[in-house]
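Please read the structure below before turning to the comments.
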Amino acid sequence: MHHLPESLNQHRVSITDLDSVCDGEVRFSPTKFLWLGGMASAAIIGGIWFFSWSGFAVFFLATGAVLLFGHSLGSHRKLIHDSYQCPKWVEYIVVYLGVQVGLSGPIGLLRAHDLRDYAQRLPICHDYLRHGSSFWKDAWWQLCCDLNLKNPPKIAIEPRIADDRFYRFLETTWMWQQLPPALLLYAMGGWSFVVFGTCARVTAAVIGHWLIGHFAHNEGGKHFEVKDAAVQGHNIRLASILTMGECWHNNHHAYPGSARLGLFAGEWDPGWWTLLLLRRLGLAWGFRLPQDLPARAELQSIDRLGDTLLVPARHGLRAPRFVKLRLGVYLEALRAKPTKLRMEWPAGTLGLEPMRALVGDQVELTVDPTLDLLVVHAERKSFVGLPAVCLAMAQRGWRARIVAFLLMPVAVAVEAIRASMSLKPGIV
Ligand SMILES: [Zn+2]
Ligand SMILES: [Zn+2]
């Protein structure tokens, strides 16, 4: 057999022969077909019959909550990757919400995820496991069929999960678990809420899960490459909010154990933001980040951003003299009218042109994607974040200065919240 990367020795999955992830048959699954078909038909027919705007709102809220807390934080970042720690009762709630996605039970989902994850890191694997077929064929396969491997790999699940009575209960009853929330929805808003809050939500989540999985293995940006892997992960920037950050799949292939998926400036990751919030509430801790994971010889960076994690020595930390993040300090800076401002920022959210339009021609602008915050340097002091943008904007003239004075309290407050959430020792 090929020489396989050492990192695979730590995996739940193990094989003795590459054939065990290649040799298999894709077979029609009546269960999958009826489950999704039933949900989708009920969503379409019921959606027309019982349409209401409040039902529509319930669909958005319920789908968002289940994807964020359930799928992303519960099933994926906690149960499967154990990338952060939390009280057991929190874990049970988020994993329960993960079951609400309607894909499978928690243990079934873990097995399916890990089999794919392992197979994708090997030099070859079945097209089913790497979303390697054409769009429509992949849709049919993933949504209505199962892969029956002739000699499937062993998957050793640790007792923490395999012996947990609650997880075993959810595993055998996962379809029935749609019932309790559906009854609650019925009591709250009748059939309209049930159709939108359950049937439409499950349909959207199951189809969306496949869609993202298909694109995340076929097209999109990359910072990293896993050498000799059967398939690479791709980042799908446009789906960041929709997927609660799960779309940063190239980052995930590089650092599967990281609690944070959007690793660089502008890579919006609502799941990570929520974890930071839970951390403030004392409900989550022990986050594992790329720096905490064992090095992998097969991992290569293919752009400057990838370098910042894989070749950190090249990126010596600059140590500007930051001013204190206090309203008085910033108002004083505004009043003193510093000249010759120089702004450096990662341009993750706001690019060069919009920034130029905002701050005018007086400020020297430098885009540096490897930075993780915006900095404005005056002659001897440096300012950060939104308050620094206000300061730079004030260079445009007296009207802009008045606006900057008015916006500064909000800017400082927002920046203070952001700094207090940050894992790094603050600049506050
Ligand atoms: Zn993948
Ligand atoms: Zn994963």
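Following the order of the structure tokens, first chain is A, next is B, and so on, with residues numbered from 1 inside each chain and ligands from 1 in the order they appear.
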Original post:
Using only C-alpha atoms and all ligand atoms, which protein or nucleic acid residues are at most 12 Å from ligand 2, as a PyMOL selection string?
Top reply: chain A and resi 11+71-83+109-118+120+213+233+246-261
Please list as a short mmCIF file (atom, residue, chain, number, x, y, z; two decimals) with N, CA, C and O atoms, in the first residue's frame every residue within 7 Å of segment 337-350 of chain A, counting only C-alpha atoms and excluding residues in the same chain fewer than 4 positions away.
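Final output, result20.cif:
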data_model
loop_
_atom_site.label_atom_id
_atom_site.label_comp_id
_atom_site.auth_asym_id
_atom_site.auth_seq_id
_atom_site.Cartn_x
_atom_site.Cartn_y
_atom_site.Cartn_z
N ALA A 265 -8.86 37.59 7.95
CA ALA A 265 -9.71 38.78 7.95
C ALA A 265 -10.72 38.69 6.81
O ALA A 265 -10.37 38.32 5.69
N GLY A 266 -11.97 39.02 7.11
CA GLY A 266 -13.00 38.99 6.07
C GLY A 266 -13.62 37.63 5.87
O GLY A 266 -14.57 37.49 5.11
N ALA A 333 -7.48 62.96 20.00
CA ALA A 333 -6.75 62.79 18.75
C ALA A 333 -7.48 63.50 17.61
O ALA A 333 -6.85 64.13 16.75
N PRO A 354 -13.63 51.33 -1.98
CA PRO A 354 -14.58 51.87 -0.99
C PRO A 354 -13.87 52.62 0.15
O PRO A 354 -14.37 53.63 0.64
N MET A 355 -12.69 52.12 0.55
CA MET A 355 -11.98 52.78 1.65
C MET A 355 -11.50 54.15 1.20
O MET A 355 -11.59 55.13 1.94
N VAL A 363 -5.15 60.30 3.21
CA VAL A 363 -4.57 59.21 3.99
C VAL A 363 -3.87 58.23 3.05
O VAL A 363 -4.42 57.85 2.02
N GLU A 364 -2.66 57.83 3.43
CA GLU A 364 -1.93 56.84 2.64
C GLU A 364 -2.50 55.46 2.95
O GLU A 364 -2.58 55.07 4.12
N LEU A 365 -2.90 54.71 1.92
CA LEU A 365 -3.56 53.42 2.16
C LEU A 365 -2.68 52.25 1.71
O LEU A 365 -2.14 52.27 0.62
N THR A 366 -2.56 51.26 2.57
CA THR A 366 -1.82 50.04 2.22
C THR A 366 -2.65 48.82 2.58
O THR A 366 -3.01 48.64 3.74
N VAL A 367 -2.96 47.99 1.59
CA VAL A 367 -3.69 46.75 1.86
C VAL A 367 -2.69 45.66 2.19
O VAL A 367 -1.72 45.45 1.47
N ASP A 368 -2.91 45.00 3.31
CA ASP A 368 -2.05 43.87 3.68
C ASP A 368 -2.93 42.74 4.21
O ASP A 368 -3.34 42.75 5.38
N PRO A 369 -3.23 41.75 3.37
CA PRO A 369 -4.17 40.70 3.78
C PRO A 369 -3.70 39.88 4.97
O PRO A 369 -4.50 39.18 5.59
N THR A 370 -2.42 39.96 5.32
CA THR A 370 -1.95 39.13 6.44
C THR A 370 -2.22 39.78 7.80
O THR A 370 -2.05 39.14 8.83
N LEU A 371 -2.64 41.05 7.81
CA LEU A 371 -2.98 41.68 9.09
C LEU A 371 -4.31 41.13 9.58
O LEU A 371 -5.13 40.70 8.78
N ASP A 372 -4.54 41.16 10.90
CA ASP A 372 -5.88 40.77 11.31
C ASP A 372 -6.69 41.93 11.88
O ASP A 372 -7.80 41.73 12.33
N LEU A 373 -6.13 43.12 11.88
CA LEU A 373 -6.95 44.28 12.20
C LEU A 373 -6.49 45.51 11.44
O LEU A 373 -5.41 45.53 10.86
N LEU A 374 -7.37 46.52 11.45
CA LEU A 374 -7.06 47.76 10.75
C LEU A 374 -6.26 48.68 11.67
O LEU A 374 -6.61 48.84 12.84
N VAL A 375 -5.20 49.25 11.15
CA VAL A 375 -4.36 50.13 11.95
C VAL A 375 -4.16 51.45 11.20
O VAL A 375 -3.94 51.44 9.99
N VAL A 376 -4.27 52.56 11.93
CA VAL A 376 -3.93 53.86 11.36
C VAL A 376 -2.74 54.41 12.14
O VAL A 376 -2.81 54.56 13.36
N HIS A 377 -1.65 54.65 11.42
CA HIS A 377 -0.45 55.18 12.07
C HIS A 377 -0.39 56.69 11.87
O HIS A 377 -0.50 57.16 10.74
N ALA A 378 -0.23 57.42 12.97
CA ALA A 378 0.08 58.84 12.88
C ALA A 378 1.59 58.94 13.10
O ALA A 378 2.28 57.92 13.05
N ALA A 392 -9.40 58.76 10.42
CA ALA A 392 -8.91 58.93 9.05
C ALA A 392 -9.93 59.71 8.21
O ALA A 392 -9.58 60.58 7.42
#
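Candidate residues A:Val21, A:Cys145, A:Val194, A:Leu8 were compared for distance to Phe33 of chain A, and the nearest is A:Cys145, using only C-alpha atoms.
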Subject >> Distance criterion (only C-alpha atoms and all ligand atoms): nearest to ligand 1 out of A:Pro387, A:Pro181, A:Gly132, A:Gly328 >> reply: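 Residue with the minimum atom-to-atom distance to ligand 1: A:Gly132.
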**OP:** For segment 55-63 of chain A, work out the shell of residues within 8 Å, counting only C-alpha atoms and skipping chain neighbours fewer than 6 positions away, then give it as a ChimeraX atom specification.
**Re:** /A:189,192-193,195-198,200-201,205
Subject >> Pick from A:Lys88, A:Lys137, A:Arg280, A:Arg12 nearest to Leu423 of chain A, counting only C-alpha atoms >> reply: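 Between A:Lys88, A:Lys137, A:Arg280, A:Arg12, the residue approaching Leu423 of chain A most closely is A:Arg280.
Between atom CA of Leu386 of chain A and atom CA of Arg399 of chain A the interatomic distance comes to 18.4 Å.
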Original post:
So, counting only C-alpha atoms and all ligand atoms, which residue among A:Phe322, A:Trp268, A:Tyr128, A:Phe69 is closest to ligand 1?
Top reply: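 Of the candidates, the smallest distance to ligand 1 is held by A:Tyr128.
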Original post:
Using only C-alpha atoms, which residue out of A:Thr274, A:Thr308, A:Ser240, A:Ser420 lies closest to Leu68 of chain A?
Top reply: A:Thr274
**OP:** Compare A:Trp89, A:Trp210, A:Trp53, A:Phe166 by their minimum atom-to-atom distance to ligand 1, counting only C-alpha atoms and all ligand atoms, and give me the closest one.
**Re:** A:Trp210
**OP:** For Ala336 of chain A, list every protein, DNA or RNA residue within 12 Å, evaluated using only C-alpha atoms, and leave out those in the same chain fewer than 6 positions away; present the list as number ranges by chain.
**Re:** A: 329-330, 378, 391, 394-395, 401
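The spacing separating atom CA of Ile15 of chain A from atom CA of Leu147 of chain A amounts to 16.8 Å.
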Subject >> All strand (DSSP E or B) residues (DSSP, backbone) inside segment 177-353 of chain A, as number ranges by chain >> reply: A: 221, 224-226, 235, 248, 285, 299-301, 322, 342-345
Subject >> Residue set, segment 87-145 of chain A restricted to helix (DSSP H, G or I), as a VMD selection string >> reply: chain A and resid 88 to 99 106 to 121 127 to 130 135 to 144
